[in-house]
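Enquirer: So I've got this file, final-v6.pdb, and it contains PDB, C-alpha atoms:
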ATOM      1  CA  LEU A   1       0.000   0.000   0.000
ATOM      2  CA  LEU A   2       2.855   2.384   0.760
ATOM      3  CA  TRP A   3       4.475   1.620  -2.585
ATOM      4  CA  GLN A   4       1.214   2.286  -4.408
ATOM      5  CA  LEU A   5       0.717   5.507  -2.468
ATOM      6  CA  GLY A   6       4.182   6.581  -3.642
ATOM      7  CA  VAL A   7       3.284   5.770  -7.244
ATOM      8  CA  ALA A   8       0.022   7.701  -6.883
ATOM      9  CA  LEU A   9       1.862  10.717  -5.501
ATOM     10  CA  VAL A  10       4.172  10.651  -8.530
ATOM     11  CA  TRP A  11       1.098  10.680 -10.791
ATOM     12  CA  VAL A  12      -0.321  13.598  -8.812
ATOM     13  CA  ALA A  13       2.994  15.451  -9.179
ATOM     14  CA  VAL A  14       3.100  14.979 -12.965
ATOM     15  CA  SER A  15      -0.607  15.722 -13.337
ATOM     16  CA  TRP A  16       0.216  19.401 -13.741
ATOM     17  CA  VAL A  17       2.544  18.832 -16.724
ATOM     18  CA  LEU A  18       1.648  15.564 -18.455
ATOM     19  CA  PRO A  19      -1.914  16.389 -19.637
ATOM     20  CA  GLY A  20      -0.626  19.371 -21.625
ATOM     21  CA  LEU A  21       1.941  17.126 -23.303
ATOM     22  CA  LEU A  22      -0.688  14.521 -24.192
ATOM     23  CA  SER A  23      -3.335  16.848 -25.617
ATOM     24  CA  ASP A  24      -3.618  20.363 -27.000
ATOM     25  CA  ASP A  25      -7.349  20.405 -26.247
ATOM     26  CA  GLY A  26      -7.952  22.189 -22.950
ATOM     27  CA  THR A  27     -10.996  20.103 -22.039
ATOM     28  CA  VAL A  28      -9.172  16.838 -22.632
ATOM     29  CA  ALA A  29      -6.167  18.113 -20.667
ATOM     30  CA  ASP A  30      -8.483  19.033 -17.766
ATOM     31  CA  TYR A  31     -10.010  15.538 -17.778
ATOM     32  CA  LEU A  32      -6.554  13.956 -17.898
ATOM     33  CA  HIS A  33      -5.451  16.084 -14.959
ATOM     34  CA  THR A  34      -8.489  14.974 -12.953
ATOM     35  CA  TRP A  35      -7.829  11.336 -13.861
ATOM     36  CA  PHE A  36      -4.140  11.590 -12.854
ATOM     37  CA  VAL A  37      -5.114  13.097  -9.496
ATOM     38  CA  ALA A  38      -8.078  10.869  -8.596
ATOM     39  CA  VAL A  39      -7.767   7.406 -10.075
ATOM     40  CA  PRO A  40      -4.185   6.396  -9.103
ATOM     41  CA  LEU A  41      -5.013   7.118  -5.462
ATOM     42  CA  SER A  42      -7.396   4.144  -5.606
ATOM     43  CA  TYR A  43      -4.942   1.613  -7.012
ATOM     44  CA  GLY A  44      -3.743   0.465  -3.579
ATOM     45  CA  ALA A  45      -7.298  -0.457  -2.624
ATOM     46  CA  LEU A  46      -7.864  -2.111  -6.003
ATOM     47  CA  GLY A  47      -4.653  -4.097  -5.517
ATOM     48  CA  THR A  48      -5.869  -5.174  -2.093
ATOM     49  CA  CYS A  49      -9.076  -6.431  -3.671
ATOM     50  CA  MET A  50      -7.148  -8.326  -6.340
ATOM     51  CA  LEU A  51      -4.854  -9.851  -3.723
ATOM     52  CA  MET A  52      -7.804 -10.951  -1.596
ATOM     53  CA  VAL A  53      -9.276 -12.733  -4.629
ATOM     54  CA  SER A  54      -5.963 -14.513  -5.248
ATOM     55  CA  VAL A  55      -5.503 -15.393  -1.577
ATOM     56  CA  SER A  56      -9.052 -16.727  -1.365
ATOM     57  CA  ASN A  57      -8.381 -18.960  -4.364
ATOM     58  CA  ALA A  58      -5.091 -20.138  -2.854
ATOM     59  CA  MET A  59      -6.882 -20.962   0.400
ATOM     60  CA  SER A  60      -9.390 -23.166  -1.477
ATOM     61  CA  MET A  61     -12.187 -20.625  -1.146
ATOM     62  CA  PRO A  62     -13.080 -20.031  -4.808
ATOM     63  CA  LEU A  63     -16.661 -19.017  -4.057
ATOM     64  CA  ARG A  64     -15.374 -16.318  -1.720
ATOM     65  CA  ALA A  65     -13.049 -15.148  -4.498
ATOM     66  CA  VAL A  66     -15.930 -14.957  -6.967
ATOM     67  CA  MET A  67     -18.065 -13.163  -4.384
ATOM     68  CA  ILE A  68     -15.339 -10.555  -3.855
ATOM     69  CA  SER A  69     -14.938 -10.068  -7.614
ATOM     70  CA  LEU A  70     -18.660  -9.745  -8.258
ATOM     71  CA  LEU A  71     -19.136  -7.448  -5.288
ATOM     72  CA  ARG A  72     -16.293  -5.243  -6.482
ATOM     73  CA  LEU A  73     -17.718  -4.869  -9.963
ATOM     74  CA  PHE A  74     -21.471  -4.867  -9.426
ATOM     75  CA  GLY A  75     -21.710  -3.712  -5.819
ATOM     76  CA  PHE A  76     -19.147  -0.934  -5.772
ATOM     77  CA  TYR A  77     -17.381  -0.027  -9.016
ATOM     78  CA  LEU A  78     -20.210   0.197 -11.558
ATOM     79  CA  PRO A  79     -22.705   1.871  -9.187
ATOM     80  CA  ALA A  80     -20.085   4.425  -8.102
ATOM     81  CA  VAL A  81     -19.089   5.184 -11.699
ATOM     82  CA  TRP A  82     -22.748   5.500 -12.730
ATOM     83  CA  LEU A  83     -23.574   7.761  -9.788
ATOM     84  CA  GLY A  84     -20.473   9.851 -10.456
ATOM     85  CA  ALA A  85     -21.445  10.238 -14.111
ATOM     86  CA  GLN A  86     -24.965  11.294 -13.133
ATOM     87  CA  LEU A  87     -23.755  13.841 -10.600
ATOM     88  CA  GLY A  88     -20.558  15.140 -12.171
ATOM     89  CA  GLY A  89     -20.080  14.084 -15.788
ATOM     90  CA  MET A  90     -16.605  12.873 -16.682
ATOM     91  CA  THR A  91     -15.068  14.282 -13.516
ATOM     92  CA  GLY A  92     -17.727  12.386 -11.580
ATOM     93  CA  VAL A  93     -16.790   9.195 -13.428
ATOM     94  CA  PHE A  94     -13.201   9.535 -12.220
ATOM     95  CA  ILE A  95     -14.318  10.238  -8.663
ATOM     96  CA  GLY A  96     -16.652   7.236  -8.967
ATOM     97  CA  VAL A  97     -13.714   5.044  -9.994
ATOM     98  CA  LEU A  98     -11.815   6.273  -6.942
ATOM     99  CA  CYS A  99     -14.729   5.654  -4.570
ATOM    100  CA  GLY A 100     -15.641   2.285  -6.103
ATOM    101  CA  ASN A 101     -12.100   0.958  -5.901
ATOM    102  CA  VAL A 102     -11.597   2.166  -2.326
ATOM    103  CA  ALA A 103     -14.918   0.697  -1.180
ATOM    104  CA  ALA A 104     -14.133  -2.606  -2.907
ATOM    105  CA  GLY A 105     -10.684  -2.727  -1.330
ATOM    106  CA  PHE A 106     -12.043  -2.238   2.173
ATOM    107  CA  ALA A 107     -14.915  -4.672   1.627
ATOM    108  CA  SER A 108     -12.643  -7.376   0.229
ATOM    109  CA  TRP A 109     -10.289  -6.990   3.195
ATOM    110  CA  PHE A 110     -13.161  -7.355   5.664
ATOM    111  CA  ILE A 111     -14.585 -10.360   3.804
ATOM    112  CA  TYR A 112     -11.152 -11.996   3.796
ATOM    113  CA  ARG A 113     -10.604 -11.264   7.508
ATOM    114  CA  HIS A 114     -14.015 -12.738   8.321
ATOM    115  CA  ALA A 115     -13.133 -15.921   6.425
ATOM    116  CA  THR A 116      -9.718 -16.291   8.061
ATOM    117  CA  ARG A 117     -11.214 -15.848  11.537
ATOM    118  CA  HIS A 118     -13.604 -18.703  10.796
ATOM    119  CA  LEU A 119     -10.750 -20.854   9.511
ATOM    120  CA  ALA A 120      -8.676 -20.087  12.606
ATOM    121  CA  SER A 121     -11.556 -21.087  14.860
ATOM    122  CA  GLY A 122     -11.991 -24.365  12.998
ATOM    123  CA  SER A 123     -15.414 -23.611  11.516
ATOM    124  CA  ALA A 124     -16.301 -23.340   7.856
ATOM    125  CA  PRO A 125     -16.138 -19.779   6.418
TER     126      PRO A 125
END
Let's see the structure in the file written out as structure tokens.
Expert:
Amino acid sequence: LLWQLGVALVWVAVSWVLPGLLSDDGTVADYLHTWFVAVPLSYGALGTCMLMVSVSNAMSMPLRAVMISLLRLFGFYLPAVWLGAQLGGMTGVFIGVLCGNVAAGFASWFIYRHATRHLASGSAP
């Protein structure tokens, strides 16, 4: 998570220069700036979600892995992106991506922790 936060901070730092190099259109450059500021901040949480899916599979809990994946996409990511688009257009979409990934990361961690507590106690997750 610390590594990903460092990567995100680099993206935030270059977000003031890079959009102008990628596009001459001011609107596109503004959207790119917003993306570079918002979305990379959520990659740590997204990585946590992806790791929890892999760990669940490795621990012979494939249904838990599928549940985490489906919950991430249909419970958090798509609704947050849709709501963001409805409330804030393209900027809202990027904020929705951020919120959806962060919510999915936290939820997957809690689902995983719940399962491992059950395994530690000897009961089925």
Enquirer: Neighbouring residues of segment 35-42 of chain A were defined as those with any atom within 12 Å, considering all atoms listed in the file; residues of the same chain fewer than 6 positions away were excluded. Please report them as a PyMOL selection string.
Expert: chain A and resi 1-19+28-29+48-49+77+81+90-106
Enquirer: Those residues you just picked out, can you put them in a file as a PDB file, in the frame of the given file with C-alpha atoms?
Expert:
ATOM      1  CA  LEU A   1       0.000   0.000   0.000  1.00  0.00           C
ATOM      2  CA  LEU A   2       2.855   2.384   0.760  1.00  0.00           C
ATOM      3  CA  TRP A   3       4.475   1.620  -2.585  1.00  0.00           C
ATOM      4  CA  GLN A   4       1.214   2.286  -4.408  1.00  0.00           C
ATOM      5  CA  LEU A   5       0.717   5.507  -2.468  1.00  0.00           C
ATOM      6  CA  GLY A   6       4.182   6.581  -3.642  1.00  0.00           C
ATOM      7  CA  VAL A   7       3.284   5.770  -7.244  1.00  0.00           C
ATOM      8  CA  ALA A   8       0.022   7.701  -6.883  1.00  0.00           C
ATOM      9  CA  LEU A   9       1.862  10.717  -5.501  1.00  0.00           C
ATOM     10  CA  VAL A  10       4.172  10.651  -8.530  1.00  0.00           C
ATOM     11  CA  TRP A  11       1.098  10.680 -10.791  1.00  0.00           C
ATOM     12  CA  VAL A  12      -0.321  13.598  -8.812  1.00  0.00           C
ATOM     13  CA  ALA A  13       2.994  15.451  -9.179  1.00  0.00           C
ATOM     14  CA  VAL A  14       3.100  14.979 -12.965  1.00  0.00           C
ATOM     15  CA  SER A  15      -0.607  15.722 -13.337  1.00  0.00           C
ATOM     16  CA  TRP A  16       0.216  19.401 -13.741  1.00  0.00           C
ATOM     17  CA  VAL A  17       2.544  18.832 -16.724  1.00  0.00           C
ATOM     18  CA  LEU A  18       1.648  15.564 -18.455  1.00  0.00           C
ATOM     19  CA  PRO A  19      -1.914  16.389 -19.637  1.00  0.00           C
ATOM     20  CA  VAL A  28      -9.172  16.838 -22.632  1.00  0.00           C
ATOM     21  CA  ALA A  29      -6.167  18.113 -20.667  1.00  0.00           C
ATOM     22  CA  THR A  48      -5.869  -5.174  -2.093  1.00  0.00           C
ATOM     23  CA  CYS A  49      -9.076  -6.431  -3.671  1.00  0.00           C
ATOM     24  CA  TYR A  77     -17.381  -0.027  -9.016  1.00  0.00           C
ATOM     25  CA  VAL A  81     -19.089   5.184 -11.699  1.00  0.00           C
ATOM     26  CA  MET A  90     -16.605  12.873 -16.682  1.00  0.00           C
ATOM     27  CA  THR A  91     -15.068  14.282 -13.516  1.00  0.00           C
ATOM     28  CA  GLY A  92     -17.727  12.386 -11.580  1.00  0.00           C
ATOM     29  CA  VAL A  93     -16.790   9.195 -13.428  1.00  0.00           C
ATOM     30  CA  PHE A  94     -13.201   9.535 -12.220  1.00  0.00           C
ATOM     31  CA  ILE A  95     -14.318  10.238  -8.663  1.00  0.00           C
ATOM     32  CA  GLY A  96     -16.652   7.236  -8.967  1.00  0.00           C
ATOM     33  CA  VAL A  97     -13.714   5.044  -9.994  1.00  0.00           C
ATOM     34  CA  LEU A  98     -11.815   6.273  -6.942  1.00  0.00           C
ATOM     35  CA  CYS A  99     -14.729   5.654  -4.570  1.00  0.00           C
ATOM     36  CA  GLY A 100     -15.641   2.285  -6.103  1.00  0.00           C
ATOM     37  CA  ASN A 101     -12.100   0.958  -5.901  1.00  0.00           C
ATOM     38  CA  VAL A 102     -11.597   2.166  -2.326  1.00  0.00           C
ATOM     39  CA  ALA A 103     -14.918   0.697  -1.180  1.00  0.00           C
ATOM     40  CA  ALA A 104     -14.133  -2.606  -2.907  1.00  0.00           C
ATOM     41  CA  GLY A 105     -10.684  -2.727  -1.330  1.00  0.00           C
ATOM     42  CA  PHE A 106     -12.043  -2.238   2.173  1.00  0.00           C
TER      43      PHE A 106
END
Enquirer: Assuming 4 Å of padding per side, give the centre and edge lengths of the axis-aligned box around every listed atom of segment 80-83 of chain A, in Å to one decimal and as JSON.
Expert:
{"center_x": -21.3, "center_y": 6.1, "center_z": -10.4, "size_x": 12.5, "size_y": 11.3, "size_z": 12.6}
Enquirer: Pick the closest to Phe76 of chain A from A:Ala107, A:Val55, A:Leu32, A:Leu22: which is it, counting only C-alpha atoms?
Expert: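 Of A:Ala107, A:Val55, A:Leu32, A:Leu22, the one nearest Phe76 of chain A is A:Ala107, counting only C-alpha atoms.
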Enquirer: Report, in Å with one decimal, the straight-line distance from atom CA of Thr116 of chain A to atom CA of Ala80 of chain A.
Expert: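 So the two atoms, atom CA of Thr116 of chain A and atom CA of Ala80 of chain A, lie 28.2 Å apart.
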Enquirer: Could you please determine the separation between atom CA of Pro62 of chain A and atom CA of Ala115 of chain A in Å, to one decimal place?
Expert: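 Here the two named atoms are 12.0 Å from each other.
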Enquirer: Rounded to one decimal, what separation in Å do you get between atom CA of His114 of chain A and atom CA of Met61 of chain A?
Expert: 12.5 Å
Enquirer: Measuring atom to atom with all atoms listed in the file, identify which of A:Ala58, A:Gly89, A:His118, A:Leu46 is nearest to Thr34 of chain A.
Expert: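 For Thr34 of chain A, the nearest of the candidates is A:Gly89.
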Enquirer: Give the answer as one residue: which of A:Gly84, A:Met50, A:Phe110, A:Asp24 has the shortest atom-to-atom distance to Val66 of chain A, using all atoms listed in the file?
Expert: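 Nearest candidate to Val66 of chain A out of A:Gly84, A:Met50, A:Phe110, A:Asp24: A:Met50.
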Enquirer: Could you spell out the hits of the PyMOL selection byres ((chain A and resi 67) around 12) on the shown file, as a VMD selection string?
Expert: chain A and resid 49 52 to 53 56 to 57 61 to 66 68 to 75 104 107 to 108 111 to 112
Enquirer: Tell me which of A:Asp25, A:Gly20, A:Ala120, A:Tyr31 sits closest to Gly88 of chain A, counting only C-alpha atoms.
Expert: A:Tyr31
Enquirer: Could you pull segment 71-83 of chain A out of the structure just shown and give all heavy atoms as a PDB file, in the first residue's frame?
Expert:
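Now in selection-v6.pdb:
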ATOM      1  N   LEU A  71     -18.796  -8.575  -6.146  1.00  0.00           N
ATOM      2  CA  LEU A  71     -19.136  -7.448  -5.288  1.00  0.00           C
ATOM      3  C   LEU A  71     -18.360  -6.203  -5.701  1.00  0.00           C
ATOM      4  O   LEU A  71     -18.907  -5.098  -5.732  1.00  0.00           O
ATOM      5  CB  LEU A  71     -18.852  -7.804  -3.831  1.00  0.00           C
ATOM      6  CG  LEU A  71     -19.278  -6.787  -2.780  1.00  0.00           C
ATOM      7  CD1 LEU A  71     -20.790  -6.580  -2.823  1.00  0.00           C
ATOM      8  CD2 LEU A  71     -18.848  -7.250  -1.403  1.00  0.00           C
ATOM      9  N   ARG A  72     -17.094  -6.389  -6.033  1.00  0.00           N
ATOM     10  CA  ARG A  72     -16.293  -5.243  -6.482  1.00  0.00           C
ATOM     11  C   ARG A  72     -16.897  -4.586  -7.708  1.00  0.00           C
ATOM     12  O   ARG A  72     -17.110  -3.381  -7.744  1.00  0.00           O
ATOM     13  CB  ARG A  72     -14.860  -5.659  -6.805  1.00  0.00           C
ATOM     14  CG  ARG A  72     -14.017  -4.453  -7.264  1.00  0.00           C
ATOM     15  CD  ARG A  72     -12.691  -4.848  -7.853  1.00  0.00           C
ATOM     16  NE  ARG A  72     -12.716  -5.074  -9.283  1.00  0.00           N
ATOM     17  CZ  ARG A  72     -12.777  -4.117 -10.207  1.00  0.00           C
ATOM     18  NH1 ARG A  72     -12.893  -2.864  -9.872  1.00  0.00           N
ATOM     19  NH2 ARG A  72     -12.754  -4.414 -11.487  1.00  0.00           N
ATOM     20  N   LEU A  73     -17.221  -5.417  -8.708  1.00  0.00           N
ATOM     21  CA  LEU A  73     -17.718  -4.869  -9.963  1.00  0.00           C
ATOM     22  C   LEU A  73     -19.147  -4.351  -9.854  1.00  0.00           C
ATOM     23  O   LEU A  73     -19.423  -3.194 -10.178  1.00  0.00           O
ATOM     24  CB  LEU A  73     -17.619  -5.923 -11.070  1.00  0.00           C
ATOM     25  CG  LEU A  73     -18.056  -5.457 -12.463  1.00  0.00           C
ATOM     26  CD1 LEU A  73     -17.173  -4.321 -12.943  1.00  0.00           C
ATOM     27  CD2 LEU A  73     -18.009  -6.623 -13.429  1.00  0.00           C
ATOM     28  N   PHE A  74     -20.050  -5.212  -9.403  1.00  0.00           N
ATOM     29  CA  PHE A  74     -21.471  -4.867  -9.426  1.00  0.00           C
ATOM     30  C   PHE A  74     -21.968  -4.166  -8.166  1.00  0.00           C
ATOM     31  O   PHE A  74     -22.984  -3.480  -8.199  1.00  0.00           O
ATOM     32  CB  PHE A  74     -22.314  -6.116  -9.683  1.00  0.00           C
ATOM     33  CG  PHE A  74     -22.063  -6.712 -11.032  1.00  0.00           C
ATOM     34  CD1 PHE A  74     -21.416  -7.934 -11.155  1.00  0.00           C
ATOM     35  CD2 PHE A  74     -22.433  -6.048 -12.190  1.00  0.00           C
ATOM     36  CE1 PHE A  74     -21.159  -8.491 -12.403  1.00  0.00           C
ATOM     37  CE2 PHE A  74     -22.182  -6.584 -13.438  1.00  0.00           C
ATOM     38  CZ  PHE A  74     -21.549  -7.813 -13.544  1.00  0.00           C
ATOM     39  N   GLY A  75     -21.269  -4.337  -7.058  1.00  0.00           N
ATOM     40  CA  GLY A  75     -21.710  -3.712  -5.819  1.00  0.00           C
ATOM     41  C   GLY A  75     -21.076  -2.358  -5.565  1.00  0.00           C
ATOM     42  O   GLY A  75     -21.681  -1.508  -4.913  1.00  0.00           O
ATOM     43  N   PHE A  76     -19.855  -2.165  -6.075  1.00  0.00           N
ATOM     44  CA  PHE A  76     -19.147  -0.934  -5.772  1.00  0.00           C
ATOM     45  C   PHE A  76     -18.751  -0.139  -7.016  1.00  0.00           C
ATOM     46  O   PHE A  76     -19.120   1.024  -7.161  1.00  0.00           O
ATOM     47  CB  PHE A  76     -17.887  -1.221  -4.937  1.00  0.00           C
ATOM     48  CG  PHE A  76     -18.193  -1.789  -3.589  1.00  0.00           C
ATOM     49  CD1 PHE A  76     -17.900  -3.107  -3.296  1.00  0.00           C
ATOM     50  CD2 PHE A  76     -18.794  -1.015  -2.619  1.00  0.00           C
ATOM     51  CE1 PHE A  76     -18.179  -3.634  -2.049  1.00  0.00           C
ATOM     52  CE2 PHE A  76     -19.092  -1.528  -1.372  1.00  0.00           C
ATOM     53  CZ  PHE A  76     -18.780  -2.847  -1.091  1.00  0.00           C
ATOM     54  N   TYR A  77     -17.990  -0.762  -7.908  1.00  0.00           N
ATOM     55  CA  TYR A  77     -17.381  -0.027  -9.016  1.00  0.00           C
ATOM     56  C   TYR A  77     -18.419   0.558  -9.978  1.00  0.00           C
ATOM     57  O   TYR A  77     -18.470   1.780 -10.184  1.00  0.00           O
ATOM     58  CB  TYR A  77     -16.410  -0.946  -9.759  1.00  0.00           C
ATOM     59  CG  TYR A  77     -15.604  -0.248 -10.826  1.00  0.00           C
ATOM     60  CD1 TYR A  77     -14.470   0.482 -10.481  1.00  0.00           C
ATOM     61  CD2 TYR A  77     -15.964  -0.314 -12.156  1.00  0.00           C
ATOM     62  CE1 TYR A  77     -13.721   1.125 -11.450  1.00  0.00           C
ATOM     63  CE2 TYR A  77     -15.225   0.325 -13.132  1.00  0.00           C
ATOM     64  CZ  TYR A  77     -14.109   1.041 -12.780  1.00  0.00           C
ATOM     65  OH  TYR A  77     -13.370   1.683 -13.736  1.00  0.00           O
ATOM     66  N   LEU A  78     -19.240  -0.297 -10.574  1.00  0.00           N
ATOM     67  CA  LEU A  78     -20.210   0.197 -11.558  1.00  0.00           C
ATOM     68  C   LEU A  78     -21.223   1.171 -10.949  1.00  0.00           C
ATOM     69  O   LEU A  78     -21.509   2.205 -11.558  1.00  0.00           O
ATOM     70  CB  LEU A  78     -20.899  -0.967 -12.259  1.00  0.00           C
ATOM     71  CG  LEU A  78     -20.010  -1.784 -13.203  1.00  0.00           C
ATOM     72  CD1 LEU A  78     -20.781  -2.954 -13.793  1.00  0.00           C
ATOM     73  CD2 LEU A  78     -19.415  -0.910 -14.289  1.00  0.00           C
ATOM     74  N   PRO A  79     -21.784   0.881  -9.764  1.00  0.00           N
ATOM     75  CA  PRO A  79     -22.705   1.871  -9.187  1.00  0.00           C
ATOM     76  C   PRO A  79     -22.019   3.216  -8.888  1.00  0.00           C
ATOM     77  O   PRO A  79     -22.615   4.274  -9.110  1.00  0.00           O
ATOM     78  CB  PRO A  79     -23.193   1.214  -7.895  1.00  0.00           C
ATOM     79  CG  PRO A  79     -23.046  -0.249  -8.142  1.00  0.00           C
ATOM     80  CD  PRO A  79     -21.818  -0.370  -8.995  1.00  0.00           C
ATOM     81  N   ALA A  80     -20.789   3.175  -8.406  1.00  0.00           N
ATOM     82  CA  ALA A  80     -20.085   4.425  -8.102  1.00  0.00           C
ATOM     83  C   ALA A  80     -19.771   5.207  -9.375  1.00  0.00           C
ATOM     84  O   ALA A  80     -19.918   6.436  -9.403  1.00  0.00           O
ATOM     85  CB  ALA A  80     -18.801   4.136  -7.327  1.00  0.00           C
ATOM     86  N   VAL A  81     -19.370   4.515 -10.428  1.00  0.00           N
ATOM     87  CA  VAL A  81     -19.089   5.184 -11.699  1.00  0.00           C
ATOM     88  C   VAL A  81     -20.378   5.764 -12.276  1.00  0.00           C
ATOM     89  O   VAL A  81     -20.404   6.905 -12.751  1.00  0.00           O
ATOM     90  CB  VAL A  81     -18.405   4.224 -12.695  1.00  0.00           C
ATOM     91  CG1 VAL A  81     -18.351   4.819 -14.094  1.00  0.00           C
ATOM     92  CG2 VAL A  81     -17.000   3.876 -12.211  1.00  0.00           C
ATOM     93  N   TRP A  82     -21.465   5.005 -12.221  1.00  0.00           N
ATOM     94  CA  TRP A  82     -22.748   5.500 -12.730  1.00  0.00           C
ATOM     95  C   TRP A  82     -23.203   6.730 -11.948  1.00  0.00           C
ATOM     96  O   TRP A  82     -23.595   7.741 -12.538  1.00  0.00           O
ATOM     97  CB  TRP A  82     -23.814   4.399 -12.655  1.00  0.00           C
ATOM     98  CG  TRP A  82     -25.148   4.886 -13.124  1.00  0.00           C
ATOM     99  CD1 TRP A  82     -25.594   4.972 -14.412  1.00  0.00           C
ATOM    100  CD2 TRP A  82     -26.205   5.379 -12.297  1.00  0.00           C
ATOM    101  NE1 TRP A  82     -26.872   5.488 -14.432  1.00  0.00           N
ATOM    102  CE2 TRP A  82     -27.262   5.751 -13.152  1.00  0.00           C
ATOM    103  CE3 TRP A  82     -26.359   5.544 -10.924  1.00  0.00           C
ATOM    104  CZ2 TRP A  82     -28.454   6.270 -12.672  1.00  0.00           C
ATOM    105  CZ3 TRP A  82     -27.551   6.069 -10.450  1.00  0.00           C
ATOM    106  CH2 TRP A  82     -28.584   6.427 -11.321  1.00  0.00           C
ATOM    107  N   LEU A  83     -23.158   6.640 -10.620  1.00  0.00           N
ATOM    108  CA  LEU A  83     -23.574   7.761  -9.788  1.00  0.00           C
ATOM    109  C   LEU A  83     -22.685   8.983 -10.043  1.00  0.00           C
ATOM    110  O   LEU A  83     -23.186  10.110 -10.160  1.00  0.00           O
ATOM    111  CB  LEU A  83     -23.540   7.376  -8.312  1.00  0.00           C
ATOM    112  CG  LEU A  83     -24.036   8.430  -7.334  1.00  0.00           C
ATOM    113  CD1 LEU A  83     -25.499   8.771  -7.595  1.00  0.00           C
ATOM    114  CD2 LEU A  83     -23.849   7.943  -5.902  1.00  0.00           C
TER     115      LEU A  83
END
